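Reviewing the structure listed below.
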Amino acid sequence: MRLLFDKNTWQEIFGSIGKNRTRTIITVIGVLWGIFIYVVLAGASKGLDNGFERTFEVVAKNSMWCYAQNTSIPYAGYKTGRRIRLKVGDANILRNRIPEIQYIAPVNTKGAFGGTGALTVRGLNSNTYAMYGYYPDLARITPQKIYDNGRFINDQDIEQARKVCVIGERTQQEMFEKGEDPIGGYIRIENIYFQVVGVHQYQRTTPFGSDGDIFIPFTTFQKIYNTGEDVQFFTVAAYDDADAAQVEKDIKAVLKNLHNVHPDDERAIGAINLGVIFDRIIGFAKGITFLSLIVGLATILAGVIGIGNILLISVKERTKELGIRRALGATPNEVRTLIILESVFLTMVAGLIGIILGAAVLNLINNLTQDSALPYTNPTVPIPLVIGALLVMVVLGTLIGLIPAQRAVRVRPIDALREE
Amino acid sequence: MIEIKNLHKSYKMGSNALHVLKGIDFSVKEGELVAIMGSSGSGKSTLLNILGMLDVADEGEYNLDGMPIKNLNETKAANYRNKFLGFIFQSFNLINYKTALENVALPLYYQGMNRKKRQEKALKYLEQVGLKEWSHHLPSELSGGQKQRVAIARAMVTEPKVLLADELTGALDSKTSYEVMDLIQQINDKGNTILVVTHENDIAHMCKRIVYLRDGVIVKDEKVKQVRAKEYVQ
C-alpha cells in the first residue's frame with residue numbers, strides 16, 4: 001500500500017511504460033477497444049430503452065383495445081359463426097364490474113381496417129380518410145397532441161352530436177392552402193359540412209392510425225352511419241398498478257357473459273393489450289441491455305487478457321533488467337508490485353480513454369438520431385455501470401498482472417543477470 | 001570485513017552433481033583490494049555470487065562485517081545487497097532506458113530515498129567518476145569505459161561495505177581497462193574494500209592481494225606489490 005501512493009513508485013512505472021511506446025500503445029488499444037465497445041453498446045441499448053419508454057410515454061402503459069368477431073363455439077342455443085356486436089352500454093357495465101378500469105371509451109371507425117374511408121372534400125381538393133368516432137375520454141387513454149389553437153372532441157360535442165372534427169396533419173396539407181388556418185374552417189365529409197376544431201399530430205402509439213385520420217364525436221358518427229348502439233371496439237386504460245393481462249381476461253369474461261359467448265371461445269372477443277406488448281418490449285430492451293453488458297464485458301476481458309499477454313512478453317524481454325533491479329536491492333515484492341501496477345495503470349488509462357471515446361460516439365449518435373423516427377433517446381451509460389466496468393478492469397488488470405509478476409519474480413536474479 | 005569458512009557449493013546437473021566450491025576458507029580485511037584469479041570453471045564467479053548473496057552456499061559460514069549471512073530469503077537478501085554490497089558487472093548491466101543519473105540513483109530508490117535526494121547523491125558520485133556532464137545521457141550514448149564508470153558510481157552510491165566486481169574490464173580494451181582500474185584504485189585508496197574477479201594477470205596485479213582459485217579450492221593467496229594503473233594512463 002505504501003508503494004501505491006509513493007511518487008517514486010509511479011516514476012518507476014512511467015519510466016518502464018514509456019520505454020517501449022509502441023508496445024504500450026498497442027496494449028492500451030486492446031483494452032480501450034473493449035471498454036469503448038462496452039460503453040457504446042450499453043449506451044445504445046439504454047438509448048433504445050429510453051426510446052421505447054418515450055414512445056410509450058404518451059400512451060397509458062396499461063391500455064388495451066377490445067373488439068368482437070364471430071363466435072367459434074356454439075353456446076346457449078346459438079350456433080357457431082355468430083357475429084358479436086359490442087354495444088355502447090357495455091362500457092358502463094365493464095366499468096362497474098371491473099374496478100381496475102380507469103377509462104373506457106367506445107370507438108367506431110370507417111376505413112381504418114380496410115374498406116374505403118370517408119370522402120372528404122374542400123373546394124377542389126378531395127380525398128378519402130379513415131374516420132373515427134371518439135369520446136373525449138379517448139384522449140386520456142391515448143393522449144393526443146393537438147396543435148395550438150385547436151382542441152380535441154369535448155363533452156358538448158358528444159351531447160349535441162356536433163358536426164366538428166379533428167383532422168390530421170396530412171389532411172390539413174391536402175385540404176387547406178399553405179399558411180391558411182384550418183381551425184374554424186369547414187370541410188365536407190360524406191356530404192356533411194364539419195367544422196375543423198383541431199389538428200392532431202400523428203403519433204406512433206397505437207397499432208393503427210395515420211396522419212390523415214379524421215376524428216369526430218362518437219355520437220355524430222352514430223348518426224352519419226346509423227350505427228345505433230353498436231361499437232367496433234373499446235379502448236380501455238387500467239390503473240397503473242393493475243395487472244394488464246388480468247384486466248384483459250376480466251373484460252373478455254364480462255363481454256362473453258353479456259353476449260352469450262362460450263367462456264372458452266377465443267375468437268369471439270379479441271384484444272390488443274398494449275400493457276402486455278409494453279412489458280414484452282421492455283423485456284426485449286432489458287434483454288438487449290443484458291446482452292450488451294455481456295458482450296461488453298467479454299470484450300473488456302479480451303482486452304485485459306491482451307495486456308496480460310503483452311506484459312508477459314515484456315517481462316521476458318526485461319528479465320535482465322529485473323535481474324539488475326533485484327541485484328541492486330529490489331525485493332521480490334517490489335518487482336511484483338511494479339509489474340502489477342504497470343498492468344493496472346495501463347488498464348485504467350485505456351479504460352478512461354475508452355469511456356471518453358465511447359461517450360463521444362454516443363453523443364454523436366444521439367445528435368444524428370435526434371430528429372429521426374427511431375425509438376432512440378438520450379443514450380447514456382449509467383454511472384454505476386461505468387464504475388463497475390472500471391472496477392472490473394482494475395480487478396482483472398491486477399489478476400492478469402499477477403501472472404507476469406509471478407513469472408518475473410520466479411527467475412532468480414543470478415540467472416536473470418546471466419541471460420544475454 | 002569478509003570471513004568465509006569451509007564454503008561448499010555444488011550444482012545438480014541431471015543425475016550427477018558438479019562440485020564447484022570444495023571448502024573455501026578466506027577472509028578480507030577492511031580496505032583491501034583483492035583479486036580473485038582463476039581459469040573459467042575454477043569457481044571464482046560462484047564464489048563472488050555467494051559473497052554477493054545472489055547465490056547461497058550448501059555448507060560453510062559467511063560473515064560480513066561480523067554479521068552472519070545465513071537463512072536468507074529473497075527479500076532479506078535483496079535488502080542486504082542493497083545496504084552492504086555494490087556490484088560491478090562485466091557487461092555493465094545498466095538499465096538502457098534510464099539515463100546515467102537515473103541508473104546511479106536506482107539503488108537509492110530501493111532504499112526509499114526521495115527523488116531529489118537521490119539525484120543529488122547520484123550526481124555527486126557521477127562527478128567522482130568524472131561523468132557529471134554525461135548525467136543525462138542514456139547508456140547507449142556512452143562508451144564502454146563510460147558505462148563501466150557509471151556502473152561503478154552506481155555500486156558506490158549506497159556506500160556499501162564491499163564492492164564486488166565481476167570481470168569488470170572483460171568488455172573493455174586495455175587502455176580503458178587501465179582507466180577503470182585507476183578509478184578502482186582511487187576508490188580503494190579512500191578505504192573501500194573491493195573484490196575483483198578477473199582472469200587477466202595485469203588487472204590482478206593492480207590489486208594488493210591475489211587469490212588463486214583452481215577447481216574449487218584456493219591454491220595460492222599472496223600479497224603483491226600493487227601496480228598503479230595511473231602509470232599506463234596518459
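In the C-alpha cells, chains take letters A, B, ... by order of appearance, with residues numbered from 1 within each chain and ligands from 1 in the order shown.
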Helix (DSSP H, G or I) positions in region 26-196 of chain B, given as a count of residues only: 78
With chain A as the partner and 7 Å as the cut-off, tabulate the residues of chain B that qualify, each row holding the nearest pair of atoms and their distance in Å to one decimal, using only C-alpha atoms, sorted by chain and rising number, as a tab-separated table.
```
residue	atom	partner	partner_atom	distance
B:Leu54	CA	A:Ile414	CA	5.7
B:Glu74	CA	A:Pro332	CA	6.7
B:Thr75	CA	A:Thr331	CA	4.8
B:Ala78	CA	A:Gly329	CA	4.4
B:Asn79	CA	A:Gly329	CA	5.5
B:Arg81	CA	A:Gly329	CA	5.6
B:Asn82	CA	A:Gly329	CA	4.2
B:Asn93	CA	A:Ile324	CA	6.5
B:Ile95	CA	A:Glu321	CA	6.1
B:Tyr97	CA	A:Lys19	CA	6.0
B:Pro107	CA	A:Leu328	CA	5.4
B:Tyr110	CA	A:Ala330	CA	5.8
B:Arg115	CA	A:Asn8	CA	6.8
```
Go ahead and write the residues just picked, C-alpha atoms, as a PDB file, in the first residue's frame.
```pdb
ATOM      1  CA  LEU B  54      22.925 -13.820  -5.279  1.00  0.00           C
ATOM      2  CA  GLU B  74      14.844 -13.319  -1.297  1.00  0.00           C
ATOM      3  CA  THR B  75      13.551 -10.222   0.430  1.00  0.00           C
ATOM      4  CA  ALA B  78      17.694  -8.029  -1.536  1.00  0.00           C
ATOM      5  CA  ASN B  79      17.834  -5.700   1.440  1.00  0.00           C
ATOM      6  CA  ARG B  81      22.567  -6.496  -1.157  1.00  0.00           C
ATOM      7  CA  ASN B  82      21.156  -3.031  -1.274  1.00  0.00           C
ATOM      8  CA  ASN B  93      24.170  -4.084 -16.621  1.00  0.00           C
ATOM      9  CA  ILE B  95      19.179  -0.177 -17.497  1.00  0.00           C
ATOM     10  CA  TYR B  97      16.076   3.285 -20.881  1.00  0.00           C
ATOM     11  CA  PRO B 107      19.789   1.581  -5.681  1.00  0.00           C
ATOM     12  CA  TYR B 110      15.151   0.806  -3.299  1.00  0.00           C
ATOM     13  CA  ARG B 115      13.866  11.592  -5.727  1.00  0.00           C
TER      14      ARG B 115
END
```
Selection near Val386 (chain A), 10 Å with only C-alpha atoms, sequence-local residues under 5 positions removed, as a ChimeraX atom specification: /A:35,38-39,42,351-352,355,381,391-392
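CA of Phe215 (chain A) lies 5.0 Å from CA of Val166 (chain A).
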Excluding Pro160 (chain B) and its own-chain neighbours fewer than 6 positions away, which residues fall within 6 Å of it when counting only C-alpha atoms? Please give them as a compact mmCIF listing (two decimals) with C-alpha atoms, in the first residue's frame.
```txt
# COMPACT_ATOMS: atom_id res chain seq x y z
CA PHE B 84 26.03 -3.73 2.19
CA LEU B 85 27.15 -4.55 -1.33
CA GLY B 86 27.94 -2.82 -4.56
```
Within 10 Å of Asn92 (chain A), counting only C-alpha atoms, which residues show up once you throw out same-chain ones fewer than 6 positions away? Write them as a list in words, please.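 In the requested form, the answer reads Ile98, Ile104 and Ala105 of chain A.
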When you look at Gln119 (chain B) with a cut-off of 9 Å (counting only C-alpha atoms), what residues show up, excluding the ones that are within fewer than 5 positions of it in the same chain? I need them as a list in words.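 Residues meeting the cut-off are Leu101, Glu102, Val104, Ala105, Asn114 and Lys124 of chain B.
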Can you pull out the residues contacting region 232-237 of chain A? Cut-off 9 Å, using only C-alpha atoms, and skip same-chain residues under 3 positions away; I want them as an NGL selection string. :A and (60-68 or 85-88 or 91 or 100-109 or 138 or 140-142 or 240)
Kindly export the residues of the current selection with N, CA and C atoms, as a compact mmCIF listing (two decimals), in the first residue's frame.
```txt
# COMPACT_ATOMS: atom_id res chain seq x y z
N ALA A 60 -51.20 5.47 -22.30
CA ALA A 60 -51.27 4.85 -21.00
C ALA A 60 -50.67 3.45 -21.15
N LYS A 61 -49.71 3.15 -20.30
CA LYS A 61 -48.99 1.90 -20.50
C LYS A 61 -49.87 0.68 -20.28
N ASN A 62 -50.95 0.88 -19.53
CA ASN A 62 -51.84 -0.25 -19.26
C ASN A 62 -53.09 -0.19 -20.14
N SER A 63 -52.92 0.26 -21.39
CA SER A 63 -54.12 0.39 -22.22
C SER A 63 -54.27 -0.80 -23.16
N MET A 64 -55.52 -1.00 -23.58
CA MET A 64 -55.78 -2.12 -24.49
C MET A 64 -56.97 -1.80 -25.39
N TRP A 65 -57.04 -2.48 -26.49
CA TRP A 65 -58.17 -2.36 -27.40
C TRP A 65 -58.91 -3.69 -27.40
N CYS A 66 -60.23 -3.60 -27.32
CA CYS A 66 -61.02 -4.82 -27.22
C CYS A 66 -62.08 -4.82 -28.32
N TYR A 67 -62.16 -5.88 -29.08
CA TYR A 67 -63.08 -5.91 -30.22
C TYR A 67 -63.80 -7.25 -30.27
N ALA A 68 -64.86 -7.31 -31.11
CA ALA A 68 -65.63 -8.54 -31.21
C ALA A 68 -65.59 -9.07 -32.64
N ARG A 85 -71.80 -8.24 -31.65
CA ARG A 85 -71.73 -6.78 -31.76
C ARG A 85 -71.60 -6.20 -30.35
N LEU A 86 -70.53 -5.48 -30.09
CA LEU A 86 -70.39 -4.81 -28.81
C LEU A 86 -71.33 -3.63 -28.79
N LYS A 87 -71.84 -3.30 -27.62
CA LYS A 87 -72.81 -2.20 -27.51
C LYS A 87 -72.23 -1.08 -26.65
N VAL A 88 -72.72 0.13 -26.88
CA VAL A 88 -72.23 1.28 -26.12
C VAL A 88 -72.44 1.04 -24.63
N ALA A 91 -69.87 -0.50 -22.04
CA ALA A 91 -68.83 0.29 -21.40
C ALA A 91 -69.14 0.50 -19.92
N GLU A 100 -60.61 -2.17 -11.83
CA GLU A 100 -59.26 -1.78 -12.29
C GLU A 100 -59.32 -0.85 -13.50
N ILE A 101 -60.51 -0.76 -14.13
CA ILE A 101 -60.60 0.09 -15.33
C ILE A 101 -60.62 1.55 -14.92
N GLN A 102 -59.71 2.32 -15.49
CA GLN A 102 -59.67 3.74 -15.18
C GLN A 102 -60.52 4.52 -16.19
N TYR A 103 -60.29 4.25 -17.44
CA TYR A 103 -61.07 4.90 -18.50
C TYR A 103 -61.49 3.83 -19.49
N ILE A 104 -62.67 4.06 -20.06
CA ILE A 104 -63.08 3.17 -21.16
C ILE A 104 -63.80 4.04 -22.18
N ALA A 105 -63.45 3.91 -23.43
CA ALA A 105 -64.04 4.74 -24.48
C ALA A 105 -64.40 3.88 -25.68
N PRO A 106 -65.68 3.85 -26.03
CA PRO A 106 -66.10 3.11 -27.23
C PRO A 106 -65.61 3.86 -28.47
N VAL A 107 -65.29 3.13 -29.51
CA VAL A 107 -64.79 3.74 -30.74
C VAL A 107 -65.48 3.08 -31.93
N ASN A 108 -65.86 3.89 -32.89
CA ASN A 108 -66.29 3.36 -34.18
C ASN A 108 -65.42 3.96 -35.26
N THR A 109 -65.18 3.19 -36.29
CA THR A 109 -64.31 3.71 -37.34
C THR A 109 -64.89 3.40 -38.70
N LEU A 138 -61.05 9.27 -24.74
CA LEU A 138 -60.00 8.60 -25.51
C LEU A 138 -58.67 9.32 -25.36
N ARG A 140 -57.56 10.55 -22.86
CA ARG A 140 -56.90 10.19 -21.60
C ARG A 140 -56.23 8.82 -21.72
N ILE A 141 -56.71 8.03 -22.65
CA ILE A 141 -56.14 6.69 -22.82
C ILE A 141 -54.96 6.74 -23.78
N THR A 142 -55.17 7.35 -24.91
CA THR A 142 -54.04 7.59 -25.82
C THR A 142 -53.96 9.10 -26.02
N ASP A 240 -52.50 2.19 -13.27
CA ASP A 240 -51.09 1.84 -13.49
C ASP A 240 -50.65 0.59 -12.74
```
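The smallest atom-to-atom distance between Phe345 (chain A) and any of A:Ala76, A:Ile84, A:Met393, A:Met175, using only C-alpha atoms, is found for A:Met393.
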As a check of understanding: the span from CA of Tyr125 (chain B) to CA of Ala416 (chain A) is 26.7 Å
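The gap separating CA of Arg154 (chain B) from CA of Val411 (chain A) is 23.0 Å, in Å to one decimal.
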Between B:Ile203, B:Ile36, B:Asn96, B:Ser27, single out the one closest to Pro139 (chain B), counting only C-alpha atoms. B:Asn96
